[in-house]
Amino acid sequence: MRVDSKKPFKIVYSLCKHEFLGYLIEPHVVQLNQDHSFSLTYQRLFMNTASEYEQGMDETDWTLIKLCEEIEQSQLIKRFYKKNIRPSEYFLNIFTPKIFAVIRPRIEQNLNQILSLLKEKSLFLMSKEGWPVETPLAFAEHLTSVLFHFRRSDTELRYFPTLKYDGFRIEFMYKDAEVITNEPACLLLENVLYFFEQDVDGKKLSPFLNKRFISIPRSAEQSYFKKFIGPLIEKHHVYAEGFEIKTQQYDGTPIIEFSYQAAEGPVLKVKFKYGPYTFSEISGKKVSVKLEYDAESDSYTFYRIKRSVQWESGRISFLKSLGLHPKVGLSNQFEIDPSLNDSMGQEDFSLINWLSEHIEVLKENGFEVIQKKAEKQFLFGKIELDLEVKEDNDWFDIQAMVQFGQYSIPFISLRKNILNKIREFVLPSGEVAIIPEQWFTQFVNFFYFAEGNESLRLKKQHVGVINELQVSEIAGISMRRKMERLIDFETLEEVDDPVNFSGSLRPYQKAGYNWFQFLKKYHFGGCLADDMGLGKTVQTLALLQKEKEDLSTETSNPTSLIIMPTSLIYNWLSEAEKFAPHLKILNHTGGMRGKSSVDFSNYDLVISTYGIARIDELVLGDFLFHYIILDESQNIKNVSSKSFKAINKLRGRHKLILSGTPVENSVADLWPQMAFINPGLLGGHSFFLKEFVVPIEKKKDEEAARRLQVLIKPFVLRRTKAQVATELPEKSEKIFYCSMTDEQADDYEKVKAEYRNLMLKQLEDGSFKKTGIQVLQGLSKLRQLANHPRMIDNEYKGSSGKFENVIDTLENVLLRGHKVLIFSQFVRQMKIYADYFNQEKIAYAYLDGATKNRKEVVNEFRESDDVNVFLISIKAGGVGLNLIEADYVFILDPWWNPAVEMQAIDRSHRIGQSRNVFIYKFITKDSVEEKILALQNRKKVIADSLIQIEESFVKSLTEEDITELLK
């Protein structure tokens, strides 16, 4: 019968014994009679049935019902057996003592929580018939103590416990007592539940419920003393006859014990020593026991050594504060936080480093440090490095010694270790010193570039390496004052402006001019990497004018050479006429140029192009130039290119390169340019690829980027607009998202499906990496379709959502009287806009790679009030143009590398611009263009204090990236 919740009832809890699972507690609701006695109507409560009776429940009841339900037989079977099975079948066919040994501790965890909550509730003993309120049970108010008795005689060792409650002995043997839980013990005796001091294990009481004592024969007593009585004495009160128990107390000493075995590697243990006793376990014991046996007298003595749990805990906390932590599952073995591991992919030396770093503070705080004898003995203690650097004409001479404890070792002895990343260095004593992990990054540049076998020296161009040593906390360094001036790049010597320079240098431009003079003084090459629009041309012209004036007394002019892209010739000639009109310039371009170098000495400056440098390699190589300067020097970024090879055959006293993006596509771009201005600065090409390009680009290794910055920092001067051109007006960027027309979208989806299927097939048959270029071609098609389908289909008669959006926006801008630069990387797209402008009679200027009269085209846009639109190919016109007359920039299509877009924007946002500049980027929604924007952010790599580094987007596309682009 169900209990009627509308009539009186009571929530009760019943202790019952399951045939297989042992004691459990069940929640029940029992109907009350009119006299409030218990009726025979009751039912078991579960979480899903209890709400009907919630008026008779509180929060504790809900908690108890949940805890009881978790150990109900069907719930336990579900937890430990995944198949559906009836309980009777499970216990008959599946259940074993081993399963019980696993399940019962889980049950007792819940029972302990239940019993702790039941003291204010009604607890009963269930009848054999299942009535839940057969006998009320009570909780003992106080804890019960246990005294274990041992009596050793000539024939046996007897053992039994006695119980005391409130000072009186409790008789529990042969009283039908039951152990309800084992850990900790709960004893049911005469309807009272007893709990114990010192968390007695119920298994130690169970044998005596129906037995007076346990007898151990003399033949087995020695093992029994060690395995049973000793641990018992540690935790409980023991009365002994026939052997002794002595209590001792000493001051403690914490011990750090280090050992090394090939199989285990370094092992560090923490132990505590009290008098003559050392304890290796860290268990929070108040007492530890040592057993001694005297064979002569056949006597046993237990020594109870009192331990200070609070003091030991304090010592462990102190070690944790120093970065040491217990190993999981090994209470006395300690390790360094794994996140601080410095093993460099080899053996873990973090423990040894930790000991070396902290050994003094450990000793100061009372720790005893012991190293066990093993196949390797390690040196613990600080490792100190002292360097003395002396400056010669072209070299730095370095005297360096390392102090390993009492041993003073020449630093050069560590060269093999540092370059090959070998951490262990064997000292004359045979002890092993572990070279600090940071030395392998701090000194790899030093040892790679240093020359010499007995003493070390560095070429002066590696002054950045010396500077790094000076600011390092690793080494003590002494230097001469003269050299300190050399490496202090922040305070350069002020140089007078050239007399015949027209115009004035801005403060940051004057600093660049001074830097040029510094490089010349020390015979260094340099890279001026200022942002586009900050006046690299002006700073260079000031230098060349100064050279003309300073060297005018010599018999011949100091002729310099500037190599640049063809598109910049006009700009250089124009700027030179404006700022340095006294320079005599030879324009060595065109079919009518001279075929001999004999006339070069009649000029201050020869201007030519990269293409002509390849063709006239012998002509230009035949002359010793004063300065050789490369503008847009990223043009020689390919080390195997003809341009790089031809440029490197030119001869010059001084070399400079100019580029707003010397690292345009890859860190690898840097090596050819640095090799031109300072040969050997970055080592061999294969070394550079291995040590810098691969770690930085593939592994995102910040330390490798830092090492590269150290080498090039003295020779690269970069200022951004945000740093120096504070007078520039604001520029704002807005993205216009354009929807495709229906016809355009259909074409787009067809092509996307075609190439997505091709890619999936190639991924499946493993040919993607070999033939993936087809998919990249597909991406290019999709980009063109997203702009205008006519770019790939001349017969297309429909429109383009982006085209319409651009034209609408352009007309609004032109109506307000603004001039607009329109950039695209697709010449076909520019032709579509040009056709429209012609049709609508809109005056415009046009520039792409095939344009011959660049100067006239640029001047027309700059000077004519009628020409307010300039269509420009981003490759042909993204550099070398000053177009500050425009204050609107339209980017029609996103380029893989956003640095190229920034160069285009800088045609307008540069020195001299007085109006705010507005950049409009047009992106087709639901197309590959949207995903290009997201990938630009993911693929961007920045090396701080160096140059903005943009990875080669296309090269770095992974299979996952392309899958995302073609979704």
# chains A, B, ... in the order shown; residues from 1 in each chain; ligands from 1
call {"tool": "residues_around", "arguments": {"residues": "region 248-265 of chain A", "least_positions_apart": "3", "cutoff": "9 Å", "atoms": "only C-alpha atoms", "output": "NGL selection string"}}
result
:A and (268-275 or 278 or 303-308 or 311-312 or 315 or 347-349 or 351-352 or 362 or 366-378)
call {"tool": "write_last_selection", "arguments": {"atoms": "N, CA and C atoms", "output": "short mmCIF file (atom, residue, chain, number, x, y, z; two decimals), in the first residue's frame"}}
result
data_model
loop_
_atom_site.label_atom_id
_atom_site.label_comp_id
_atom_site.auth_asym_id
_atom_site.auth_seq_id
_atom_site.Cartn_x
_atom_site.Cartn_y
_atom_site.Cartn_z
N LEU A 268 64.93 13.31 -6.20
CA LEU A 268 65.11 14.15 -5.01
C LEU A 268 64.07 13.75 -3.97
N LYS A 269 64.56 13.38 -2.79
CA LYS A 269 63.67 12.98 -1.71
C LYS A 269 63.81 13.94 -0.53
N VAL A 270 62.72 14.09 0.19
CA VAL A 270 62.73 14.89 1.41
C VAL A 270 62.52 13.95 2.58
N LYS A 271 63.39 14.05 3.56
CA LYS A 271 63.29 13.20 4.75
C LYS A 271 63.38 14.08 5.99
N PHE A 272 62.99 13.48 7.14
CA PHE A 272 63.09 14.20 8.40
C PHE A 272 63.85 13.34 9.40
N LYS A 273 64.82 13.97 10.03
CA LYS A 273 65.69 13.27 10.96
C LYS A 273 65.40 13.75 12.38
N TYR A 274 65.12 12.79 13.27
CA TYR A 274 64.92 13.08 14.69
C TYR A 274 65.94 12.26 15.47
N GLY A 275 66.94 12.93 16.01
CA GLY A 275 67.99 12.20 16.72
C GLY A 275 68.65 11.22 15.78
N THR A 278 65.90 8.51 11.02
CA THR A 278 65.52 9.26 9.81
C THR A 278 64.29 8.61 9.20
N TYR A 303 60.44 1.84 19.70
CA TYR A 303 60.71 3.23 20.05
C TYR A 303 59.67 4.11 19.34
N ARG A 304 58.90 4.79 20.16
CA ARG A 304 57.91 5.73 19.63
C ARG A 304 58.57 7.11 19.55
N ILE A 305 58.87 7.56 18.34
CA ILE A 305 59.53 8.87 18.17
C ILE A 305 58.47 9.89 17.82
N LYS A 306 58.34 10.85 18.68
CA LYS A 306 57.34 11.89 18.44
C LYS A 306 57.82 12.81 17.32
N ARG A 307 56.92 13.07 16.40
CA ARG A 307 57.23 13.96 15.28
C ARG A 307 56.33 15.19 15.34
N SER A 308 56.89 16.31 14.88
CA SER A 308 56.11 17.55 14.86
C SER A 308 55.47 17.71 13.49
N TRP A 311 55.58 21.33 12.27
CA TRP A 311 56.92 21.76 11.82
C TRP A 311 57.26 21.14 10.47
N GLU A 312 56.99 19.84 10.30
CA GLU A 312 57.27 19.18 9.03
C GLU A 312 56.46 19.81 7.91
N ARG A 315 58.08 22.95 6.80
CA ARG A 315 59.26 22.74 5.95
C ARG A 315 58.84 22.40 4.51
N GLU A 347 67.50 15.06 -21.15
CA GLU A 347 67.21 14.64 -19.78
C GLU A 347 66.76 15.84 -18.96
N ASP A 348 65.92 15.56 -17.99
CA ASP A 348 65.39 16.63 -17.15
C ASP A 348 66.42 17.01 -16.09
N PHE A 349 67.01 18.19 -16.25
CA PHE A 349 68.00 18.66 -15.29
C PHE A 349 67.42 19.70 -14.33
N LEU A 351 65.81 19.48 -11.56
CA LEU A 351 66.08 19.26 -10.13
C LEU A 351 67.50 19.71 -9.76
N ILE A 352 68.44 19.39 -10.64
CA ILE A 352 69.84 19.76 -10.37
C ILE A 352 69.98 21.28 -10.39
N LEU A 362 68.72 26.91 1.30
CA LEU A 362 68.32 25.69 2.01
C LEU A 362 69.15 25.49 3.27
N GLY A 366 68.29 25.59 7.60
CA GLY A 366 68.40 24.39 8.42
C GLY A 366 68.35 23.08 7.67
N PHE A 367 68.28 23.10 6.34
CA PHE A 367 68.23 21.85 5.60
C PHE A 367 69.63 21.24 5.46
N GLU A 368 69.68 19.93 5.55
CA GLU A 368 70.91 19.20 5.28
C GLU A 368 70.78 18.61 3.88
N VAL A 369 71.75 18.89 3.00
CA VAL A 369 71.69 18.43 1.61
C VAL A 369 72.69 17.29 1.45
N ILE A 370 72.18 16.14 1.01
CA ILE A 370 72.99 14.93 0.87
C ILE A 370 72.90 14.43 -0.57
N GLN A 371 74.05 14.06 -1.15
CA GLN A 371 74.06 13.43 -2.46
C GLN A 371 74.55 11.99 -2.28
N LYS A 372 73.70 11.04 -2.62
CA LYS A 372 74.06 9.63 -2.47
C LYS A 372 75.10 9.25 -3.51
N LYS A 373 75.98 8.35 -3.16
CA LYS A 373 76.98 7.86 -4.10
C LYS A 373 76.28 7.15 -5.26
N ALA A 374 76.66 7.52 -6.47
CA ALA A 374 76.04 6.94 -7.65
C ALA A 374 77.00 7.02 -8.81
N GLU A 375 76.55 6.58 -9.98
CA GLU A 375 77.42 6.57 -11.16
C GLU A 375 77.80 7.97 -11.61
N LYS A 376 76.97 8.97 -11.23
CA LYS A 376 77.28 10.36 -11.53
C LYS A 376 77.17 11.16 -10.25
N GLN A 377 78.18 12.01 -10.03
CA GLN A 377 78.14 12.96 -8.92
C GLN A 377 78.05 14.36 -9.51
N PHE A 378 77.09 15.13 -9.04
CA PHE A 378 76.85 16.44 -9.62
C PHE A 378 77.35 17.54 -8.70
#
call {"tool": "closest_atom_pairs", "arguments": {"of": "region 713-772 of chain A", "to": "region 450-466 of chain A", "cutoff": "10 Å", "atoms": "only C-alpha atoms", "output": "tab-separated table"}}
result
residue	atom	partner	partner_atom	distance
A:Lys713	CA	A:Gly464	CA	6.7
A:Pro714	CA	A:Gly464	CA	6.1
A:Phe715	CA	A:Gln461	CA	8.9
call {"tool": "atom_distance", "arguments": {"atom1": "CA of Asp386 (chain A)", "atom2": "CA of Val402 (chain A)"}}
result
6.5 Å
call {"tool": "select_by_dssp", "arguments": {"residues": "region 244-428 of chain A", "states": "strand (DSSP E)", "output": "PyMOL selection string"}}
result
chain A and resi 244-249+252-261+265-274+277-279+287-294+299-306+324-327+330-336+368-371+383-391+395-404+407-410+424-426
call {"tool": "residues_around", "arguments": {"residues": "Leu620 (chain A)", "least_positions_apart": "2", "cutoff": "9 Å", "atoms": "only C-alpha atoms", "output": "JSON list (two decimals) with N, CA and C atoms, in the first residue's frame"}}
result
[["chain", "number", "residue", "atom", "x", "y", "z"],
["A", 596, "SER", "N", 79.86, 51.91, -70.33],
["A", 596, "SER", "CA", 81.16, 51.90, -69.65],
["A", 596, "SER", "C", 81.03, 52.69, -68.36],
["A", 597, "SER", "N", 81.94, 52.39, -67.42],
["A", 597, "SER", "CA", 81.91, 53.08, -66.13],
["A", 597, "SER", "C", 82.80, 54.31, -66.12],
["A", 613, "ALA", "N", 70.95, 46.41, -63.14],
["A", 613, "ALA", "CA", 72.08, 45.87, -62.38],
["A", 613, "ALA", "C", 72.40, 44.45, -62.81],
["A", 616, "ASP", "N", 73.84, 45.03, -66.57],
["A", 616, "ASP", "CA", 75.12, 45.75, -66.60],
["A", 616, "ASP", "C", 76.01, 45.33, -65.43],
["A", 617, "GLU", "N", 75.97, 44.06, -65.10],
["A", 617, "GLU", "CA", 76.74, 43.54, -63.96],
["A", 617, "GLU", "C", 78.22, 43.88, -64.09],
["A", 618, "LEU", "N", 78.78, 43.74, -65.27],
["A", 618, "LEU", "CA", 80.21, 44.01, -65.47],
["A", 618, "LEU", "C", 80.50, 45.50, -65.44],
["A", 622, "ASP", "N", 82.65, 47.19, -62.27],
["A", 622, "ASP", "CA", 83.99, 47.65, -62.61],
["A", 622, "ASP", "C", 84.39, 48.92, -61.84],
["A", 623, "PHE", "N", 83.42, 49.52, -61.11],
["A", 623, "PHE", "CA", 83.65, 50.82, -60.47],
["A", 623, "PHE", "C", 83.56, 50.67, -58.95],
["A", 624, "LEU", "N", 84.47, 51.35, -58.23],
["A", 624, "LEU", "CA", 84.42, 51.36, -56.77],
["A", 624, "LEU", "C", 83.60, 52.57, -56.34],
["A", 649, "LYS", "N", 78.10, 41.55, -56.40],
["A", 649, "LYS", "CA", 79.37, 41.73, -57.11],
["A", 649, "LYS", "C", 79.77, 43.19, -57.20],
["A", 650, "LEU", "N", 78.87, 44.09, -56.79],
["A", 650, "LEU", "CA", 79.19, 45.51, -56.81],
["A", 650, "LEU", "C", 80.18, 45.83, -55.69],
["A", 651, "ARG", "N", 81.02, 46.86, -55.94],
["A", 651, "ARG", "CA", 82.03, 47.23, -54.95],
["A", 651, "ARG", "C", 81.72, 48.62, -54.41]]
call {"tool": "closest_residue", "arguments": {"among": "A:Leu528, A:Ala542, A:Leu586, A:Ile647", "to": "Leu505 (chain A)", "atoms": "only C-alpha atoms"}}
result
A:Ala542
call {"tool": "closest_residue", "arguments": {"among": "A:Val928, A:Met532, A:Leu205, A:Leu64", "to": "Thr720 (chain A)", "atoms": "only C-alpha atoms"}}
result
A:Met532
call {"tool": "residues_around", "arguments": {"residues": "Thr609 (chain A)", "least_positions_apart": "6", "cutoff": "8 Å", "atoms": "only C-alpha atoms", "output": "list of chain:residue names"}}
result
A:Ile563, A:Met564, A:Pro565, A:Thr566, A:Ile569, A:Thr589
call {"tool": "write_last_selection", "arguments": {"atoms": "N, CA and C atoms", "output": "CSV table (one decimal), in the first residue's frame"}}
result
chain,number,residue,atom,x,y,z
A,563,ILE,N,70.4,51.7,-56.3
A,563,ILE,CA,69.7,50.8,-57.1
A,563,ILE,C,68.2,50.7,-56.6
A,564,MET,N,67.2,50.7,-57.4
A,564,MET,CA,65.8,50.8,-57.0
A,564,MET,C,65.0,50.2,-58.1
A,565,PRO,N,63.7,49.9,-57.7
A,565,PRO,CA,62.7,49.5,-58.7
A,565,PRO,C,62.5,50.6,-59.8
A,566,THR,N,62.2,50.2,-61.0
A,566,THR,CA,62.0,51.1,-62.1
A,566,THR,C,61.0,52.2,-61.7
A,569,ILE,N,62.3,55.5,-60.0
A,569,ILE,CA,63.3,56.5,-60.6
A,569,ILE,C,62.8,57.9,-60.6
A,589,THR,N,69.7,54.5,-66.8
A,589,THR,CA,68.6,53.6,-67.2
A,589,THR,C,68.3,53.9,-68.7
call {"tool": "atom_distance", "arguments": {"atom1": "CA of Ser116 (chain A)", "atom2": "CA of Thr60 (chain A)"}}
result
10.9 Å
call {"tool": "decode", "arguments": {"residues": "region 774-802 of chain A", "atoms": "C-alpha atoms", "output": "tab-separated table (two decimals), in the first residue's frame"}}
result
chain	number	residue	atom	x	y	z
A	774	GLN	CA	45.41	23.42	-58.44
A	775	VAL	CA	43.46	24.24	-55.30
A	776	LEU	CA	45.38	27.49	-54.91
A	777	GLN	CA	44.43	28.32	-58.48
A	778	GLY	CA	40.86	27.64	-57.48
A	779	LEU	CA	41.20	30.08	-54.58
A	780	SER	CA	42.41	32.72	-57.03
A	781	LYS	CA	39.36	32.05	-59.23
A	782	LEU	CA	37.04	32.40	-56.25
A	783	ARG	CA	38.65	35.71	-55.29
A	784	GLN	CA	38.06	37.03	-58.81
A	785	LEU	CA	34.47	35.81	-58.86
A	786	ALA	CA	33.87	37.52	-55.51
A	787	ASN	CA	34.91	40.79	-57.16
A	788	HIS	CA	33.38	40.49	-60.61
A	789	PRO	CA	32.69	37.33	-62.70
A	790	ARG	CA	33.74	39.22	-65.83
A	791	MET	CA	37.33	38.88	-64.58
A	792	ILE	CA	37.27	35.19	-65.63
A	793	ASP	CA	34.40	35.22	-68.13
A	794	ASN	CA	34.39	37.95	-70.78
A	795	GLU	CA	30.90	36.85	-71.87
A	796	TYR	CA	29.39	37.49	-68.43
A	797	LYS	CA	26.60	40.05	-68.83
A	798	GLY	CA	25.43	40.31	-65.25
A	799	SER	CA	26.58	42.68	-62.52
A	800	SER	CA	28.62	42.32	-59.32
A	801	GLY	CA	27.48	43.20	-55.83
A	802	LYS	CA	30.86	44.63	-54.94
